[in-house]
Amino acid sequence: MANQTLAHSFRESPILRPSGLIVLAILTATVVILTATGSRITLSLLAQATIISIMALSVGFLARTADLISFGHAAPFGLGAYGTALVFQHGIPAEVGIWLVLVAVFALFFVIGLVVGKLNGIAFSMLTLALGQFFFVAVSKLRAITAGADGMTVSLPRSLFGLPSRTFQTPDGMFIIAAVILAALVILIYLFEASRTGRLAIGVRENEERVLFLGYRTKILKAAVFATSATIAGVSGVLFALYQGFVSPEIMHWSFSGNALIMAILGGSLAVWGPVAGALVFFFLREWLSDLTEHWLAVLGVILITVTVAWPGGMTGLAKAMRTRISGRERNGGGK
Amino acid sequence: MSFLFRCENIGKTYGGVVALKDVSLNLESGQVHGLIGPNGAGKSTFIDVVSGRTPGLGRVFFEDREITGISPSAMRRAGISRSFQRTSIFPALTVRDQIELANHGTGGGNTGELVEMLGLGAVLDTEAEEISYGQQRLVDLALALVGDPRVLLLDEPAAGLSVQESAVLSGHLEEIAERWNVAVLLVEHDMDVIFRVCKVLTVLASGRFLVQGTSADIRNNPVVIEAYFGSTA
Ligand SMILES: Nc1ncnc2c1ncn2[C@@H]1O[C@H](COP(=O)(O)OP(=O)(O)OP(=O)(O)O)[C@@H](O)[C@H]1O
Ligand SMILES: [Mg+2]
């Protein structure tokens with residue numbers, strides 16, 4: 001009985017509807033075509049943008065699932081990246097080491113989540129900002145382990161996860177790897193939302209008090225959502241370290257957390273894919289504007305403010321408004 | 001005889017203001033007990049303290065076991081359920097999803113019968129924010145009823161409902177108490193509902209116990225009339 005309901009709900013997931021599968025097919029084709037035809041520079045930008053999209057997805061997942069705005073996600077990103085660098089430096093088998101890094105990120109942020117679970121709104125955001133700065137300072141100061149401001153070179157072994165290491169450091173290779181991981185994460189999030197636990201998480205976001213009065217305990221779930229979000233940022237950090245081959249404290253600076261947040265807001269949280277779209281637009285807009293003008297930062301700021309004022313739901317809000325208008329027109333047309 | 005649910009000397013102070021003081025009240029299975037009083041009498045505060053929503057004074061017993069101070073979720077799993085004066089549902093979830101959520105949290109019960117009784121079948125797959133206010137109140141009630149609770153604390157379930165809707169609701173409340181053998185505490189301003197479904201009434205005024213009696217007693221009690229309409233206070 002219970003399984004039946006669950007199966008039913010999974011079938012309801014947008015990602016498993018024909019439209020969702022069509023979108024997935026189109027995106028897959030796009031990745032293949034881009035890989036085949038794109039220049040090395042284009043592919044390198046695409047690889048970076050896809051890695052950053054995973055980071056934005058992590059921030060957006062937390063915003064969407066728990067209504068929590070993190071100003072500190074550069075911390076789990078950086079821990080993922082530094083963790084990878086350390087795994088290679090100490091000759092730990094990568095296939096085990098990288099998983100350990102991600103498990104450690106999850107565990108750390110799960111514990112943090114248990115402690116700060118009562119906070120929300122601005123208090124939560126401020127705490128994540130402070131936490132992010134703490135890790136930034138820690139990585140900068142722990143010279144013996146992280147080489148401080150000098151940064152660390154990530155020296156990959158000859159092969160990794162059954163692939164030649166080069167694959168991870170060439171633009172087309174990393175673009176495909178990051179795109180596959182990004183797609184897998186987006187699909188997993190869609191499935192999570194259709195699951196019973198996912199709906200419980202949405203229930204907690206909407207009305208935690210009522211959830212408690214329905215007999216649930218919410219503390220562990222909230223910590224798990226926070227830790228999951230941090231771990232997704234960690235995955236992004238791992239890919240970043242593999243691709244760049246170098247990590248330094250800058251990647252844990254609060255401004256990186258801020259950028260990820262802007263991407264998530266630009267994309268909006270009315271759909272799972274929002275932050276990914278926001279990240280891609282932000283990334284390429286920034287590339288394009290910085291070629292065009294020295295004052296790209298100001299121009300970008302104005303564009304972002306305009307967009308978020310015009311569509312408070314970001315790009316997902318725009319998509320929803322368009323869909324409502326189209327279906328409204330159809331309905332009106334049918335009535336005549 | 002022994003009561004299913006006993007509340008002794010319930011009290012609550014909000015920053016020096018006494019909202020409720022020494023109110024005791026017992027609930028019996030299969031019976032609706034009305035809790036009435038003017039605005040600010042302390043009715044919601046009573047439910048909040050007893051249900052563990054807010055800390056307060058006094059002791060609570062369920063089946064002769066003291067349960068004072070247990071968490072809301074433990075209380076619900078023990079079979080004590082409540083609703084809220086302000087509609088407290090999940091706007092973004094469909095009616096089906098939230099009833100299913102409640103069903104799982106409370107350990108299960110007959111949701112099909114419940115949906116049918118409350119007439120929510122037609123809106124099952126609609127998000128709660130899209131349905132009418134009256135239907136939202138019914139969803140709120142449904143969330144409280146899922147999982148076959150033994151004790152039900154309802155805070156103004158008829159608030160904002162039309163006369164017809166309130167009449168239908170009264171029917172449901174009678175049925176819930178009698179057929180499902182639930183002990184119901186009903187806070188309500190709608191006197192038609194109160195006098196129709198309640199066997200016993202407790203009246204509060206300014207946070208104090210005023211009087212308790214059968215519906216007939218209370219209806220004509222000069223002290224109660226004074227509390228509601230009097231100008232001497
Ligand atoms: N959170 C709070 N902080 C301070 N005072 C409160 C709070 N909640 C209630 N009160 C006060 O406690 C008293 C009792 O309020 P309560 O809400 O229990 O009354 P009520 O009988 O439910 O009234 P109503 O019929 O209007 O719902 C009132 O004087 C109210 O102002
Ligand atoms: Mg009240």
# chains A, B, ... in the order shown; residues from 1 in each chain; ligands from 1
>>> select_by_dssp(residues="stretch 22-225 of chain A", states="strand (DSSP E)", output="PyMOL selection string")
chain A and resi 152-153+159-160+163-164
>>> residues_near_ligand(ligand="ligand 2", cutoff="9 Å", atoms="only C-alpha atoms and all ligand atoms", output="list in words")
Asn39, Gly40, Ala41, Gly42, Lys43, Ser44, Thr45, Ile47, Phe84, Gln85, Arg86, Asp155, Glu156, Val187 and Glu188 of chain B
>>> atom_distance(atom1="atom CA of A:Leu102", atom2="atom CA of A:Phe226")
13.7 Å
>>> interface_residues(of="chain B", to="chain A", cutoff="6 Å", atoms="only C-alpha atoms", output="PyMOL selection string")
chain B and resi 72-73+76-77+90+102+105-106
>>> residues_around(residues="B:Thr126", least_positions_apart="5", cutoff="12 Å", atoms="only C-alpha atoms", output="list in words")
Phe90, Pro91, Ala92, Leu93, Thr94, Val95, Arg96, Asp97, Gln98, Leu120, Gly121, Ile131, Ser132, Gln135, Gln136 and Val139 of chain B
>>> write_last_selection(atoms="C-alpha atoms", output="PDB file, in the first residue's frame")
ATOM      1  CA  PHE B  90       0.499  23.446   3.504  1.00  0.00           C
ATOM      2  CA  PRO B  91      -0.365  25.891   0.698  1.00  0.00           C
ATOM      3  CA  ALA B  92       1.987  24.424  -1.913  1.00  0.00           C
ATOM      4  CA  LEU B  93       1.036  20.781  -1.381  1.00  0.00           C
ATOM      5  CA  THR B  94      -1.991  19.175  -2.948  1.00  0.00           C
ATOM      6  CA  VAL B  95      -4.779  18.171  -0.593  1.00  0.00           C
ATOM      7  CA  ARG B  96      -3.924  14.532  -1.262  1.00  0.00           C
ATOM      8  CA  ASP B  97      -0.246  15.033  -0.487  1.00  0.00           C
ATOM      9  CA  GLN B  98      -0.865  16.748   2.813  1.00  0.00           C
ATOM     10  CA  LEU B 120     -12.782  16.858  -0.237  1.00  0.00           C
ATOM     11  CA  GLY B 121     -12.761  14.276  -3.023  1.00  0.00           C
ATOM     12  CA  ILE B 131      -9.060  25.988  -3.040  1.00  0.00           C
ATOM     13  CA  SER B 132     -11.729  28.068  -1.289  1.00  0.00           C
ATOM     14  CA  GLN B 135     -12.334  24.002   1.900  1.00  0.00           C
ATOM     15  CA  GLN B 136      -9.035  25.084   3.435  1.00  0.00           C
ATOM     16  CA  VAL B 139      -8.323  20.466   5.066  1.00  0.00           C
TER      17      VAL B 139
END
>>> closest_residue(among="B:Gly134, B:Ala159, B:Asp48, B:Gly30", to="B:Leu173", atoms="only C-alpha atoms")
B:Gly30
>>> residues_around(residues="A:Pro275", least_positions_apart="2", cutoff="12 Å", atoms="only C-alpha atoms", output="JSON, numbers by chain")
{"A": [49, 50, 52, 53, 54, 55, 56, 57, 58, 59, 60, 61, 62, 63, 64, 182, 186, 259, 260, 261, 262, 263, 264, 265, 266, 267, 268, 269, 270, 271, 272, 273, 277, 278, 279, 280, 281, 282, 283, 313, 314, 315, 316, 317]}
>>> write_last_selection(atoms="C-alpha atoms", output="mmCIF file, in the first residue's frame")
data_model
loop_
_atom_site.group_PDB
_atom_site.id
_atom_site.type_symbol
_atom_site.label_atom_id
_atom_site.label_comp_id
_atom_site.auth_asym_id
_atom_site.auth_seq_id
_atom_site.Cartn_x
_atom_site.Cartn_y
_atom_site.Cartn_z
ATOM 1 C CA ALA A 49 30.092 27.154 -16.157
ATOM 2 C CA THR A 50 28.774 23.641 -15.618
ATOM 3 C CA ILE A 52 29.639 26.524 -11.171
ATOM 4 C CA SER A 53 26.079 25.489 -12.026
ATOM 5 C CA ILE A 54 26.421 22.601 -9.599
ATOM 6 C CA MET A 55 27.488 25.121 -6.949
ATOM 7 C CA ALA A 56 24.457 27.313 -7.716
ATOM 8 C CA LEU A 57 22.263 24.220 -7.635
ATOM 9 C CA SER A 58 23.430 23.504 -4.087
ATOM 10 C CA VAL A 59 22.526 26.994 -2.887
ATOM 11 C CA GLY A 60 19.230 26.901 -4.781
ATOM 12 C CA PHE A 61 18.355 23.457 -3.397
ATOM 13 C CA LEU A 62 18.613 24.818 0.135
ATOM 14 C CA ALA A 63 16.584 27.910 -0.741
ATOM 15 C CA ARG A 64 13.888 25.885 -2.450
ATOM 16 C CA LEU A 182 24.800 18.006 -12.985
ATOM 17 C CA VAL A 186 18.962 17.590 -10.969
ATOM 18 C CA ASN A 259 28.073 34.946 -6.523
ATOM 19 C CA ALA A 260 26.536 31.501 -6.121
ATOM 20 C CA LEU A 261 23.631 33.066 -4.287
ATOM 21 C CA ILE A 262 23.136 35.659 -7.034
ATOM 22 C CA MET A 263 23.040 32.868 -9.617
ATOM 23 C CA ALA A 264 20.432 31.008 -7.580
ATOM 24 C CA ILE A 265 18.326 34.152 -7.160
ATOM 25 C CA LEU A 266 18.657 35.048 -10.835
ATOM 26 C CA GLY A 267 17.429 31.577 -11.737
ATOM 27 C CA GLY A 268 14.764 31.559 -9.074
ATOM 28 C CA SER A 269 13.508 28.724 -6.922
ATOM 29 C CA LEU A 270 10.121 28.012 -8.470
ATOM 30 C CA ALA A 271 11.694 25.079 -10.274
ATOM 31 C CA VAL A 272 14.586 22.752 -9.526
ATOM 32 C CA TRP A 273 16.453 23.804 -12.694
ATOM 33 C CA ALA A 277 19.809 28.435 -15.662
ATOM 34 C CA GLY A 278 20.782 31.361 -13.442
ATOM 35 C CA ALA A 279 24.380 30.167 -13.239
ATOM 36 C CA LEU A 280 24.728 29.717 -17.002
ATOM 37 C CA VAL A 281 23.267 33.149 -17.732
ATOM 38 C CA PHE A 282 25.365 34.808 -15.034
ATOM 39 C CA PHE A 283 28.544 33.102 -16.143
ATOM 40 C CA GLY A 313 10.762 34.563 -9.035
ATOM 41 C CA GLY A 314 13.833 34.945 -11.259
ATOM 42 C CA MET A 315 13.907 33.014 -14.511
ATOM 43 C CA THR A 316 11.658 30.308 -13.098
ATOM 44 C CA GLY A 317 9.161 33.010 -12.162
#
>>> atom_distance(atom1="atom CA of A:Leu292", atom2="atom CA of A:Phe175")
25.4 Å
>>> residues_around(residues="A:Ala75", least_positions_apart="6", cutoff="9 Å", atoms="only C-alpha atoms", output="ChimeraX atom specification")
/A:131-136,230,233-234,251-254,257
>>> closest_residue(among="B:Pro55, B:Gly112, B:Gly171, B:Gly119", to="ligand 1", atoms="only C-alpha atoms and all ligand atoms")
B:Pro55
>>> residues_around(residues="A:Val116", least_positions_apart="3", cutoff="12 Å", atoms="only C-alpha atoms", output="list in words")
Leu68, Phe109, Phe110, Val111, Ile112, Gly113, Leu119, Asn120, Gly121, Ala123, Phe124, Ser125, Met126, Leu127, Thr128, Leu131, Lys219, Ile220, Lys222, Ala223, Phe226 and Ala227 of chain A
>>> atom_distance(atom1="atom CA of A:Ala319", atom2="atom CA of A:Ser13")
18.0 Å
>>> residues_around(residues="A:Ile51", least_positions_apart="6", cutoff="7 Å", atoms="only C-alpha atoms", output="PDB file with C-alpha atoms, in the first residue's frame")
ATOM      1  CA  ALA A 178      30.286  17.865 -15.161  1.00  0.00           C
ATOM      2  CA  SER A 236      31.265  21.139  -7.340  1.00  0.00           C
ATOM      3  CA  LEU A 239      35.260  18.918  -9.919  1.00  0.00           C
ATOM      4  CA  PHE A 240      36.770  22.381  -9.696  1.00  0.00           C
TER       5      PHE A 240
END
>>> select_by_dssp(residues="stretch 123-232 of chain B", states="alpha helix (DSSP H)", output="VMD selection string")
chain B and resid 133 to 145 163 to 179 191 to 197 215 to 219 222 to 229
